[in-house]
>>> print(open('data05.tsv').read())   # TSV, C-alpha atoms
chain	number	residue	atom	x	y	z
A	357	MET	CA	26.55	-7.85	28.34
A	358	THR	CA	23.98	-9.40	26.00
A	359	THR	CA	21.21	-7.08	25.01
A	360	VAL	CA	17.79	-8.18	23.75
A	361	GLU	CA	16.85	-6.29	20.60
A	362	PHE	CA	13.09	-5.81	20.62
A	363	PHE	CA	11.73	-5.35	17.09
A	364	PHE	CA	8.19	-4.03	17.04
A	365	GLU	CA	5.77	-2.47	14.57
A	366	PHE	CA	3.04	-0.09	15.70
A	367	ALA	CA	0.27	-1.78	13.71
A	368	SER	CA	1.18	-5.20	15.12
A	369	THR	CA	-1.40	-6.43	17.59
A	370	TYR	CA	0.78	-8.77	19.65
A	371	SER	CA	3.52	-6.12	19.85
A	372	TYR	CA	1.14	-4.22	22.15
A	373	PRO	CA	1.26	-6.67	25.10
A	374	ALA	CA	4.95	-7.32	24.41
A	375	ALA	CA	5.79	-3.61	24.67
A	376	ALA	CA	3.71	-3.38	27.85
A	377	ARG	CA	5.50	-6.33	29.47
A	378	ILE	CA	9.10	-6.21	28.32
A	379	GLY	CA	10.40	-3.47	30.61
A	380	GLU	CA	9.39	-5.10	33.86
A	381	HIS	CA	10.49	-8.57	32.73
A	382	ALA	CA	13.86	-7.29	31.56
A	383	ALA	CA	14.44	-5.49	34.85
A	384	LEU	CA	13.65	-8.71	36.75
A	385	HIS	CA	16.23	-10.60	34.68
A	386	GLY	CA	18.77	-7.75	34.71
A	387	ILE	CA	18.71	-7.59	30.91
A	388	SER	CA	18.98	-4.43	28.85
A	389	ILE	CA	16.58	-3.89	25.96
A	390	ALA	CA	17.31	-2.17	22.66
A	391	TRP	CA	14.04	-0.77	21.29
A	392	ARG	CA	13.88	-1.26	17.52
A	393	PRO	CA	10.84	0.04	15.65
A	394	PHE	CA	10.55	-1.26	12.09
A	395	LEU	CA	7.92	-1.64	9.38
A	396	LEU	CA	6.27	-4.91	8.44
A	397	GLY	CA	4.75	-3.42	5.28
A	398	PRO	CA	7.86	-3.77	3.09
A	399	ILE	CA	8.51	-7.28	4.47
A	400	PHE	CA	4.93	-8.35	3.72
A	401	LYS	CA	5.12	-6.71	0.29
A	402	ALA	CA	8.21	-8.76	-0.54
A	403	ARG	CA	6.04	-11.85	0.08
A	404	GLY	CA	3.36	-10.48	-2.24
A	405	TRP	CA	0.97	-9.33	0.48
A	406	ASN	CA	-0.56	-5.88	0.35
A	407	ASP	CA	-2.39	-6.14	3.69
A	408	SER	CA	-2.03	-7.70	7.13
A	409	PRO	CA	-2.22	-11.52	7.04
A	410	PHE	CA	-5.00	-11.16	9.63
A	411	ASN	CA	-7.08	-9.32	7.04
A	412	LEU	CA	-6.05	-11.57	4.17
A	413	HIS	CA	-7.09	-14.70	6.14
A	414	PRO	CA	-10.38	-14.03	7.91
A	415	ALA	CA	-10.39	-17.19	10.06
A	416	LYS	CA	-6.93	-16.32	11.39
A	417	GLY	CA	-7.94	-12.70	11.90
A	418	HIS	CA	-11.15	-13.63	13.73
A	419	TYR	CA	-9.15	-15.88	16.02
A	420	MET	CA	-6.44	-13.29	16.62
A	421	TRP	CA	-8.88	-10.62	17.88
A	422	ARG	CA	-10.44	-13.01	20.37
A	423	ASP	CA	-7.05	-14.32	21.44
A	424	LEU	CA	-5.66	-10.82	21.90
A	425	GLU	CA	-8.69	-9.92	24.02
A	426	ARG	CA	-7.97	-12.94	26.26
A	427	VAL	CA	-4.23	-12.15	26.41
A	428	CYS	CA	-4.87	-8.52	27.41
A	429	ALA	CA	-7.54	-9.53	29.95
A	430	ALA	CA	-5.09	-11.92	31.62
A	431	LEU	CA	-2.53	-9.08	31.84
A	432	GLU	CA	-5.20	-6.59	32.97
A	433	LEU	CA	-4.11	-4.47	30.02
A	434	PRO	CA	-6.83	-2.19	28.60
A	435	PHE	CA	-7.83	-3.25	25.10
A	436	ARG	CA	-10.32	-2.03	22.52
A	437	ARG	CA	-10.29	-3.42	19.00
A	438	PRO	CA	-9.11	-0.56	16.76
A	439	SER	CA	-11.75	0.61	14.32
A	440	VAL	CA	-9.03	0.77	11.65
A	441	PHE	CA	-6.61	-2.10	11.20
A	442	PRO	CA	-3.78	-2.03	10.43
A	443	ARG	CA	-3.20	1.57	11.46
A	444	ASN	CA	-0.52	3.55	9.70
A	445	GLY	CA	2.41	3.60	12.13
A	446	LEU	CA	4.93	5.23	9.80
A	447	LEU	CA	5.25	8.61	11.51
A	448	ALA	CA	5.20	7.00	14.97
A	449	ALA	CA	7.96	4.60	13.97
A	450	ARG	CA	10.09	7.42	12.54
A	451	LEU	CA	9.59	9.40	15.73
A	452	VAL	CA	10.63	6.49	17.93
A	453	CYS	CA	13.68	5.80	15.75
A	454	LEU	CA	14.97	9.27	16.65
A	455	VAL	CA	14.90	8.60	20.37
A	456	GLN	CA	15.27	4.82	20.50
A	457	ASP	CA	18.36	4.97	22.69
A	458	GLU	CA	16.88	7.46	25.18
A	459	PRO	CA	15.83	6.10	28.58
A	460	TRP	CA	12.27	7.37	28.07
A	461	VAL	CA	11.72	5.48	24.79
A	462	SER	CA	9.75	2.75	26.60
A	463	ASP	CA	7.26	5.33	27.92
A	464	LEU	CA	6.82	6.77	24.44
A	465	VAL	CA	6.32	3.38	22.81
A	466	ARG	CA	3.83	2.19	25.41
A	467	ALA	CA	1.87	5.44	25.14
A	468	ILE	CA	1.63	5.10	21.35
A	469	TYR	CA	0.44	1.49	21.61
A	470	ALA	CA	-2.18	2.50	24.17
A	471	GLU	CA	-3.51	5.17	21.78
A	472	ASN	CA	-3.94	2.55	19.04
A	473	PHE	CA	-5.11	-0.50	20.99
A	474	ALA	CA	-6.84	0.92	24.06
A	475	ALA	CA	-8.07	4.41	23.07
A	476	ASP	CA	-8.64	3.60	19.38
A	477	HIS	CA	-7.00	6.82	18.22
A	478	ASP	CA	-5.25	7.42	14.92
A	479	ILE	CA	-1.52	7.20	15.63
A	480	SER	CA	-0.66	8.66	12.23
A	481	ASP	CA	-2.21	11.94	13.43
A	482	ARG	CA	0.37	14.58	14.44
A	483	ILE	CA	-2.04	15.92	17.08
A	484	VAL	CA	-2.30	12.52	18.77
A	485	LEU	CA	1.47	12.04	18.74
A	486	GLY	CA	2.04	15.66	19.82
A	487	GLU	CA	-0.18	15.16	22.85
A	488	ILE	CA	1.77	12.07	23.84
A	489	LEU	CA	5.03	14.04	23.64
A	490	GLU	CA	3.53	16.79	25.73
A	491	THR	CA	2.31	14.34	28.39
A	492	LEU	CA	5.86	12.99	28.56
A	493	ASP	CA	7.30	16.55	28.80
A	494	ARG	CA	9.08	16.21	25.47
A	495	PRO	CA	9.11	18.84	22.72
A	496	ARG	CA	6.49	18.52	19.98
A	497	GLU	CA	9.21	19.66	17.56
A	498	LEU	CA	10.48	16.09	17.55
A	499	LEU	CA	7.65	15.46	15.10
A	500	ASP	CA	9.30	17.75	12.57
A	501	ALA	CA	12.60	15.97	13.04
A	502	ALA	CA	10.73	12.68	12.56
A	503	GLN	CA	9.90	13.80	9.04
A	504	SER	CA	13.46	14.68	8.12
A	505	PRO	CA	15.37	12.62	5.56
A	506	ALA	CA	17.68	11.41	8.33
A	507	ALA	CA	14.77	9.96	10.33
A	508	LYS	CA	13.31	8.35	7.22
A	509	ASP	CA	16.67	6.76	6.41
A	510	ARG	CA	17.01	5.48	9.93
A	511	LEU	CA	13.69	3.64	9.85
A	512	ARG	CA	14.39	2.33	6.36
A	513	SER	CA	17.74	0.85	7.39
A	514	GLN	CA	16.28	-0.60	10.57
A	515	THR	CA	13.57	-2.32	8.50
A	516	GLU	CA	16.20	-3.63	6.08
A	517	ARG	CA	18.22	-4.93	9.00
A	518	ALA	CA	15.13	-6.69	10.41
A	519	ALA	CA	14.57	-8.43	7.07
A	520	ALA	CA	18.26	-9.38	6.88
A	521	LEU	CA	18.00	-10.90	10.37
A	522	GLY	CA	15.22	-13.18	9.10
A	523	ILE	CA	12.42	-11.26	10.84
A	524	PHE	CA	9.03	-11.93	9.22
A	525	GLY	CA	6.58	-10.78	11.92
A	526	ALA	CA	6.30	-8.75	15.08
A	527	PRO	CA	7.13	-8.64	17.87
A	528	SER	CA	10.51	-10.29	17.36
A	529	PHE	CA	13.40	-10.53	19.77
A	530	VAL	CA	17.02	-10.91	18.71
A	531	VAL	CA	19.57	-12.25	21.18
A	532	GLY	CA	22.96	-12.69	19.51
A	533	SER	CA	22.27	-15.08	16.64
A	534	GLU	CA	18.95	-16.34	18.06
A	535	LEU	CA	15.60	-15.07	16.84
A	536	PHE	CA	12.40	-15.34	18.88
A	537	TRP	CA	9.04	-14.45	17.36
A	538	GLY	CA	5.87	-13.44	19.13
A	539	ASN	CA	4.70	-12.09	22.46
A	540	ASP	CA	4.69	-15.72	23.65
A	541	ARG	CA	8.49	-15.90	23.21
A	542	LEU	CA	9.35	-12.84	25.31
A	543	GLU	CA	10.24	-14.90	28.38
A	544	ASP	CA	12.31	-17.34	26.31
A	545	ALA	CA	14.28	-14.49	24.71
A	546	LEU	CA	15.04	-12.91	28.07
A	547	ALA	CA	16.00	-16.28	29.57
A	548	TRP	CA	18.34	-16.89	26.63
A	549	ALA	CA	20.05	-13.54	27.19
A	550	TRP	CA	20.25	-14.22	30.91
A	551	ARG	CA	22.05	-17.55	30.29
A	552	GLU	CA	24.44	-15.92	27.82
A	553	ASN	CA	25.31	-13.28	30.38
A	554	ARG	CA	25.82	-15.87	33.09
A	555	GLU	CA	28.13	-17.90	30.83
A	556	ALA	CA	30.05	-14.79	29.84
A	557	SER	CA	30.64	-13.80	33.45
A	558	ALA	CA	31.51	-17.41	34.42
A	559	GLY	CA	33.98	-17.66	31.52
B	728	MET	CA	-17.82	-31.90	32.53
B	729	THR	CA	-16.01	-29.75	29.97
B	730	THR	CA	-13.75	-31.64	27.64
B	731	VAL	CA	-10.88	-30.16	25.68
B	732	GLU	CA	-11.02	-31.18	22.05
B	733	PHE	CA	-7.47	-31.51	20.78
B	734	PHE	CA	-7.28	-31.07	17.00
B	735	PHE	CA	-3.99	-32.22	15.53
B	736	GLU	CA	-2.53	-33.04	12.14
B	737	PHE	CA	0.32	-35.51	11.75
B	738	ALA	CA	2.37	-33.29	9.46
B	739	SER	CA	2.09	-30.34	11.84
B	740	THR	CA	5.35	-29.62	13.59
B	741	TYR	CA	4.02	-27.95	16.73
B	742	SER	CA	1.39	-30.66	17.16
B	743	TYR	CA	4.29	-32.96	18.07
B	744	PRO	CA	5.20	-31.29	21.39
B	745	ALA	CA	1.49	-30.64	22.07
B	746	ALA	CA	0.64	-34.34	21.70
B	747	ALA	CA	3.58	-35.23	23.90
B	748	ARG	CA	2.52	-32.81	26.66
B	749	ILE	CA	-1.27	-32.81	26.69
B	750	GLY	CA	-1.89	-36.07	28.55
B	751	GLU	CA	0.15	-35.21	31.60
B	752	HIS	CA	-1.12	-31.63	31.76
B	753	ALA	CA	-4.75	-32.73	31.43
B	754	ALA	CA	-4.32	-35.27	34.21
B	755	LEU	CA	-2.85	-32.57	36.47
B	756	HIS	CA	-5.88	-30.35	35.83
B	757	GLY	CA	-8.39	-33.23	35.97
B	758	ILE	CA	-9.53	-32.47	32.41
B	759	SER	CA	-10.54	-35.05	29.84
B	760	ILE	CA	-9.20	-34.79	26.30
B	761	ALA	CA	-10.99	-35.70	23.09
B	762	TRP	CA	-8.36	-36.61	20.48
B	763	ARG	CA	-9.35	-35.23	17.08
B	764	PRO	CA	-7.11	-35.92	14.10
B	765	PHE	CA	-7.89	-33.82	11.06
B	766	LEU	CA	-6.23	-32.70	7.83
B	767	LEU	CA	-4.83	-29.23	7.22
B	768	GLY	CA	-4.43	-29.87	3.49
B	769	PRO	CA	-8.06	-29.12	2.54
B	770	ILE	CA	-8.11	-26.07	4.83
B	771	PHE	CA	-4.90	-24.72	3.27
B	772	LYS	CA	-6.22	-25.51	-0.19
B	773	ALA	CA	-9.34	-23.43	0.49
B	774	ARG	CA	-6.97	-20.49	1.12
B	775	GLY	CA	-5.21	-21.15	-2.17
B	776	TRP	CA	-2.12	-22.84	-0.70
B	777	ASN	CA	-0.84	-26.10	-2.10
B	778	ASP	CA	1.95	-26.57	0.46
B	779	SER	CA	2.74	-25.88	4.11
B	780	PRO	CA	3.03	-22.15	4.87
B	781	PHE	CA	6.47	-23.01	6.30
B	782	ASN	CA	7.57	-24.09	2.83
B	783	LEU	CA	5.78	-21.26	1.06
B	784	HIS	CA	7.49	-18.66	3.28
B	785	PRO	CA	11.16	-19.60	3.71
B	786	ALA	CA	11.94	-17.05	6.45
B	787	LYS	CA	9.05	-18.34	8.55
B	788	GLY	CA	10.03	-21.95	7.85
B	789	HIS	CA	13.67	-21.35	8.73
B	790	TYR	CA	12.56	-19.77	12.00
B	791	MET	CA	10.10	-22.57	12.79
B	792	TRP	CA	12.69	-25.33	12.55
B	793	ARG	CA	15.06	-23.55	14.91
B	794	ASP	CA	12.21	-22.66	17.27
B	795	LEU	CA	10.91	-26.24	17.29
B	796	GLU	CA	14.41	-27.47	18.07
B	797	ARG	CA	14.55	-25.12	21.08
B	798	VAL	CA	11.02	-26.07	22.20
B	799	CYS	CA	11.79	-29.80	22.06
B	800	ALA	CA	15.15	-29.32	23.79
B	801	ALA	CA	13.45	-27.49	26.66
B	802	LEU	CA	10.98	-30.40	26.98
B	803	GLU	CA	13.77	-33.00	26.61
B	804	LEU	CA	11.73	-34.38	23.73
B	805	PRO	CA	13.79	-36.16	21.03
B	806	PHE	CA	13.69	-34.27	17.76
B	807	ARG	CA	15.19	-34.74	14.31
B	808	ARG	CA	14.11	-32.56	11.42
B	809	PRO	CA	12.17	-34.84	9.05
B	810	SER	CA	13.88	-35.31	5.69
B	811	VAL	CA	10.44	-34.93	4.05
B	812	PHE	CA	8.12	-32.11	5.08
B	813	PRO	CA	5.19	-32.10	5.26
B	814	ARG	CA	4.84	-35.88	5.52
B	815	ASN	CA	1.67	-37.50	4.26
B	816	GLY	CA	-0.36	-38.24	7.39
B	817	LEU	CA	-3.54	-39.36	5.64
B	818	LEU	CA	-3.44	-43.06	6.53
B	819	ALA	CA	-2.25	-42.33	10.06
B	820	ALA	CA	-5.10	-39.85	10.59
B	821	ARG	CA	-7.67	-42.33	9.26
B	822	LEU	CA	-6.26	-44.99	11.57
B	823	VAL	CA	-6.46	-42.73	14.61
B	824	CYS	CA	-10.02	-41.66	13.71
B	825	LEU	CA	-11.10	-45.28	14.13
B	826	VAL	CA	-9.82	-45.51	17.69
B	827	GLN	CA	-9.99	-41.89	18.80
B	828	ASP	CA	-12.23	-42.66	21.76
B	829	GLU	CA	-10.16	-45.61	23.01
B	830	PRO	CA	-8.05	-45.06	26.12
B	831	TRP	CA	-4.87	-46.05	24.23
B	832	VAL	CA	-5.31	-43.42	21.50
B	833	SER	CA	-2.76	-41.13	23.19
B	834	ASP	CA	-0.08	-43.85	23.02
B	835	LEU	CA	-0.82	-44.40	19.35
B	836	VAL	CA	-0.71	-40.69	18.51
B	837	ARG	CA	2.52	-40.06	20.39
B	838	ALA	CA	4.15	-43.08	18.77
B	839	ILE	CA	3.21	-41.84	15.28
B	840	TYR	CA	4.57	-38.35	16.00
B	841	ALA	CA	7.81	-39.85	17.31
B	842	GLU	CA	8.22	-41.80	14.04
B	843	ASN	CA	7.87	-38.60	12.03
B	844	PHE	CA	9.71	-36.05	14.17
B	845	ALA	CA	12.25	-38.11	16.11
B	846	ALA	CA	12.96	-41.22	14.00
B	847	ASP	CA	12.40	-39.52	10.60
B	848	HIS	CA	10.37	-42.44	9.28
B	849	ASP	CA	7.65	-42.30	6.65
B	850	ILE	CA	4.33	-42.39	8.52
B	851	SER	CA	2.40	-43.04	5.32
B	852	ASP	CA	4.12	-46.44	5.16
B	853	ARG	CA	1.88	-49.34	6.27
B	854	ILE	CA	4.94	-51.17	7.61
B	855	VAL	CA	5.86	-48.27	9.90
B	856	LEU	CA	2.27	-47.95	11.18
B	857	GLY	CA	1.92	-51.74	11.49
B	858	GLU	CA	5.00	-51.89	13.70
B	859	ILE	CA	3.59	-49.20	15.95
B	860	LEU	CA	0.35	-51.18	16.33
B	861	GLU	CA	2.33	-54.29	17.13
B	862	THR	CA	4.40	-52.50	19.77
B	863	LEU	CA	1.13	-51.36	21.34
B	864	ASP	CA	-0.29	-54.92	21.19
B	865	ARG	CA	-3.01	-53.90	18.76
B	866	PRO	CA	-3.99	-55.79	15.60
B	867	ARG	CA	-2.35	-54.74	12.32
B	868	GLU	CA	-5.74	-55.38	10.69
B	869	LEU	CA	-6.80	-51.94	11.95
B	870	LEU	CA	-4.86	-50.63	8.95
B	871	ASP	CA	-7.31	-52.33	6.58
B	872	ALA	CA	-10.23	-50.85	8.48
B	873	ALA	CA	-8.47	-47.46	8.24
B	874	GLN	CA	-8.81	-47.67	4.46
B	875	SER	CA	-12.53	-48.45	4.53
B	876	PRO	CA	-15.06	-45.91	3.25
B	877	ALA	CA	-16.35	-45.49	6.82
B	878	ALA	CA	-12.91	-44.45	8.09
B	879	LYS	CA	-12.42	-42.10	5.16
B	880	ASP	CA	-15.80	-40.48	5.84
B	881	ARG	CA	-14.97	-40.07	9.48
B	882	LEU	CA	-11.76	-38.15	8.80
B	883	ARG	CA	-13.47	-36.08	6.12
B	884	SER	CA	-16.28	-35.01	8.47
B	885	GLN	CA	-13.84	-34.30	11.28
B	886	THR	CA	-11.86	-32.05	8.94
B	887	GLU	CA	-15.05	-30.29	7.85
B	888	ARG	CA	-16.00	-29.79	11.47
B	889	ALA	CA	-12.58	-28.31	12.22
B	890	ALA	CA	-13.00	-25.81	9.39
B	891	ALA	CA	-16.53	-24.98	10.60
B	892	LEU	CA	-15.14	-24.32	14.09
B	893	GLY	CA	-12.80	-21.71	12.59
B	894	ILE	CA	-9.68	-23.86	12.86
B	895	PHE	CA	-6.94	-22.70	10.49
B	896	GLY	CA	-3.84	-24.37	11.92
B	897	ALA	CA	-2.64	-27.09	14.26
B	898	PRO	CA	-2.57	-27.87	17.04
B	899	SER	CA	-5.87	-26.29	18.02
B	900	PHE	CA	-7.85	-26.74	21.21
B	901	VAL	CA	-11.60	-26.27	21.46
B	902	VAL	CA	-13.21	-25.64	24.85
B	903	GLY	CA	-16.92	-24.95	24.47
B	904	SER	CA	-17.07	-21.92	22.19
B	905	GLU	CA	-13.44	-20.92	22.76
B	906	LEU	CA	-10.68	-21.73	20.28
B	907	PHE	CA	-7.01	-21.81	21.22
B	908	TRP	CA	-4.32	-22.19	18.57
B	909	GLY	CA	-0.80	-23.48	18.96
B	910	ASN	CA	1.31	-25.53	21.33
B	911	ASP	CA	1.84	-22.29	23.28
B	912	ARG	CA	-1.89	-22.17	24.12
B	913	LEU	CA	-2.17	-25.67	25.59
B	914	GLU	CA	-1.99	-24.44	29.19
B	915	ASP	CA	-4.53	-21.66	28.51
B	916	ALA	CA	-7.00	-24.11	26.98
B	917	LEU	CA	-6.74	-26.47	29.94
B	918	ALA	CA	-7.06	-23.61	32.41
B	919	TRP	CA	-10.16	-22.40	30.57
B	920	ALA	CA	-11.75	-25.87	30.84
B	921	TRP	CA	-10.75	-26.08	34.48
B	922	ARG	CA	-12.51	-22.77	35.25
B	923	GLU	CA	-15.63	-23.86	33.35
B	924	ASN	CA	-15.75	-27.09	35.34
B	925	ARG	CA	-15.31	-25.22	38.61
B	926	GLU	CA	-18.11	-22.81	37.73
B	927	ALA	CA	-20.37	-25.67	36.67
B	928	SER	CA	-19.82	-27.50	39.94
B	929	ALA	CA	-20.22	-24.27	41.97
B	930	GLY	CA	-23.49	-23.49	40.15
>>> encode(input="data05.tsv", output="structure tokens")
Amino acid sequence: MTTVEFFFEFASTYSYPAAARIGEHAALHGISIAWRPFLLGPIFKARGWNDSPFNLHPAKGHYMWRDLERVCAALELPFRRPSVFPRNGLLAARLVCLVQDEPWVSDLVRAIYAENFAADHDISDRIVLGEILETLDRPRELLDAAQSPAAKDRLRSQTERAAALGIFGAPSFVVGSELFWGNDRLEDALAWAWRENREASAG
Amino acid sequence: MTTVEFFFEFASTYSYPAAARIGEHAALHGISIAWRPFLLGPIFKARGWNDSPFNLHPAKGHYMWRDLERVCAALELPFRRPSVFPRNGLLAARLVCLVQDEPWVSDLVRAIYAENFAADHDISDRIVLGEILETLDRPRELLDAAQSPAAKDRLRSQTERAAALGIFGAPSFVVGSELFWGNDRLEDALAWAWRENREASAG
């Protein structure tokens, strides 16, 4: 069965509504999702950027914040513009890497996004992440494991794989050899996977 | 009544499906469209770019061509990747400026886009543009008027206005003080205008 690989980065603004929506949409289509945290930083750095393009290009950034506000309002998704942007999502991404194949990964990811984009909390703070784990009845000790060399390697290889797949922004969705970029392409990615599954079962 | 201002640039890939779709969608919503050609070149230059971002960033460009192919296929809109990108749309934009408030402007714009993105013809060529005018039963002499100082000024001020409105890419849609960017936001822009009209008539 075709899986949709969902590549997201915790500092990425449009990954927030995508992470909030993907579970329900995937269930409706009968599609399974592989949650794939990665880092945009190294990919941007390879292009010569040392900051988010939304900061480097003020007109685009100004637009994005207003657009995101409209997108979240339409979804009735709480949103507050983070006082720091982009937030450092390194520890959060390493943590999620460790448990990305667990059934509760979607709850963890959505909770982290809500801290950044609705509560305006610092998601690089161990206390913030520890409280999320506690709320989800998961051991805070996962945060220590998230700082192990194995966890670091895992995130590094996932980021390298994203770059090798041609990913240049987030959220991105990979369905077989097709790449879809942006929260606006979530439905298209799921529909593509749905058609592939239908063809596979018909063949 | 609220009008949607549709800002487009002839070299812009996603302006092609937007120009093809906007007329029918606007009619469905009972919204009037103001057709606004402008140039992205000066706006990109102000950011320090001397080429399309899709050429400057190969991964993004590679993605865009595949995505555009999928978008056009879903709309059953003929598409062939232009052998030259971006094409010089200066003369075409000056021509359209002259007649942008005529009822047949939409036919002219769609015909020019089809030459670039379906027929792969050079839209900076007077012969190509002249043939479009002839097909539409309009005088070829409009091309001389398009090279007059008045026409040049008109496109220049429209481009300056676009920049002043915060426009940084194409297509863009302006509804009162709201800006919407991208072919993916066409429906949102029209829905926004529709709500403003409803509120105005209710008030």
>>> closest_residue(input="data05.tsv", among="A:Ala467, A:Val427, A:Gln503, A:Phe473", to="chain B", atoms="only C-alpha atoms")
A:Val427
>>> closest_residue(input="data05.tsv", among="B:Ile749, B:Ala800, B:Leu767, B:Leu825", to="Glu868 in chain B", atoms="all atoms listed in the file")
B:Leu825
>>> interface_residues(input="data05.tsv", of="chain B", to="chain A", cutoff="10 Å", atoms="all atoms listed in the file", output="PyMOL selection string")
chain B and resi 774+783-787+789-791+793-794+797-798+890-896+905-908+911-912+915
>>> residues_around(input="data05.tsv", residues="Arg450 in chain A", least_positions_apart="3", cutoff="8 Å", atoms="all atoms listed in the file", output="list in words")
Leu446, Leu447, Cys453, Leu454, Ala502, Gln503, Ala507, Lys508, Arg510 and Leu511 of chain A
>>> closest_residue(input="data05.tsv", among="B:Ala897, B:Ala745, B:Ile758, B:Ala877", to="Leu917 in chain B", atoms="only C-alpha atoms")
B:Ile758
>>> residues_near_point(input="data05.tsv", point="(7.0, -30.3, 5.2)", cutoff="12 Å", atoms="only C-alpha atoms", output="PyMOL selection string")
chain B and resi 737-740+768+777-785+788-789+791-792+808-816+843-844+847
>>> atom_distance(input="data05.tsv", atom1="CA of Pro769 in chain B", atom2="CA of Arg883 in chain B")
9.5 Å
>>> residues_near_point(input="data05.tsv", point="(1.1, -37.8, 24.5)", cutoff="10 Å", atoms="all atoms listed in the file", output="VMD selection string")
chain B and resid 743 to 752 832 to 838 840
>>> closest_residue(input="data05.tsv", among="B:Val823, B:Ala753, B:Leu869, B:Ser928", to="Val731 in chain B", atoms="only C-alpha atoms")
B:Ala753
>>> atom_distance(input="data05.tsv", atom1="CA of Arg922 in chain B", atom2="CA of Thr730 in chain B")
11.8 Å
>>> atom_distance(input="data05.tsv", atom1="CA of Ala820 in chain B", atom2="CA of Leu804 in chain B")
22.0 Å
>>> closest_residue(input="data05.tsv", among="A:Ile389, A:Glu487, A:Phe363, A:Phe394", to="Thr515 in chain A", atoms="all atoms listed in the file")
A:Phe394
>>> closest_residue(input="data05.tsv", among="A:Ala402, A:Ala470, A:Leu431, A:Leu499", to="Gly486 in chain A", atoms="all atoms listed in the file")
A:Leu499
>>> axis_aligned_box(input="data05.tsv", around="range 411-428 of chain A", padding_each_side="4 Å", output="lines of an AutoDock Vina configuration file")
center_x = -7.7
center_y = -12.9
center_z = 15.8
size_x = 14.9
size_y = 16.7
size_z = 31.2
>>> decode(input="data05.tsv", residues="range 754-767 of chain B", atoms="N, CA and C atoms", output="mmCIF file, in the first residue's frame")
data_model
loop_
_atom_site.group_PDB
_atom_site.id
_atom_site.type_symbol
_atom_site.label_atom_id
_atom_site.label_comp_id
_atom_site.auth_asym_id
_atom_site.auth_seq_id
_atom_site.Cartn_x
_atom_site.Cartn_y
_atom_site.Cartn_z
ATOM 1 N N ALA B 754 -17.441 34.729 -12.782
ATOM 2 C CA ALA B 754 -18.832 34.768 -13.237
ATOM 3 C C ALA B 754 -19.720 33.980 -12.282
ATOM 4 N N LEU B 755 -19.217 32.813 -11.838
ATOM 5 C CA LEU B 755 -19.984 31.989 -10.892
ATOM 6 C C LEU B 755 -20.280 32.746 -9.600
ATOM 7 N N HIS B 756 -19.299 33.515 -9.135
ATOM 8 C CA HIS B 756 -19.447 34.261 -7.886
ATOM 9 C C HIS B 756 -20.067 35.639 -8.105
ATOM 10 N N GLY B 757 -20.294 36.034 -9.348
ATOM 11 C CA GLY B 757 -20.822 37.377 -9.619
ATOM 12 C C GLY B 757 -19.842 38.481 -9.240
ATOM 13 N N ILE B 758 -18.555 38.228 -9.468
ATOM 14 C CA ILE B 758 -17.497 39.179 -9.111
ATOM 15 C C ILE B 758 -16.908 39.769 -10.391
ATOM 16 N N SER B 759 -16.607 41.062 -10.381
ATOM 17 C CA SER B 759 -15.931 41.595 -11.561
ATOM 18 C C SER B 759 -14.418 41.631 -11.341
ATOM 19 N N ILE B 760 -13.709 41.400 -12.427
ATOM 20 C CA ILE B 760 -12.242 41.277 -12.396
ATOM 21 C C ILE B 760 -11.628 42.476 -13.100
ATOM 22 N N ALA B 761 -10.616 43.058 -12.472
ATOM 23 C CA ALA B 761 -9.809 44.079 -13.136
ATOM 24 C C ALA B 761 -8.497 43.419 -13.543
ATOM 25 N N TRP B 762 -8.224 43.372 -14.822
ATOM 26 C CA TRP B 762 -7.031 42.685 -15.347
ATOM 27 C C TRP B 762 -5.846 43.631 -15.268
ATOM 28 N N ARG B 763 -4.806 43.238 -14.587
ATOM 29 C CA ARG B 763 -3.670 44.119 -14.297
ATOM 30 C C ARG B 763 -2.338 43.476 -14.656
ATOM 31 N N PRO B 764 -1.907 43.613 -15.906
ATOM 32 C CA PRO B 764 -0.562 43.121 -16.232
ATOM 33 C C PRO B 764 0.497 43.945 -15.524
ATOM 34 N N PHE B 765 1.548 43.316 -15.112
ATOM 35 C CA PHE B 765 2.681 44.044 -14.535
ATOM 36 C C PHE B 765 3.950 43.242 -14.814
ATOM 37 N N LEU B 766 5.080 43.782 -14.411
ATOM 38 C CA LEU B 766 6.358 43.095 -14.640
ATOM 39 C C LEU B 766 6.967 42.662 -13.317
ATOM 40 N N LEU B 767 7.398 41.413 -13.259
ATOM 41 C CA LEU B 767 8.097 40.948 -12.057
ATOM 42 C C LEU B 767 9.577 41.324 -12.079
#
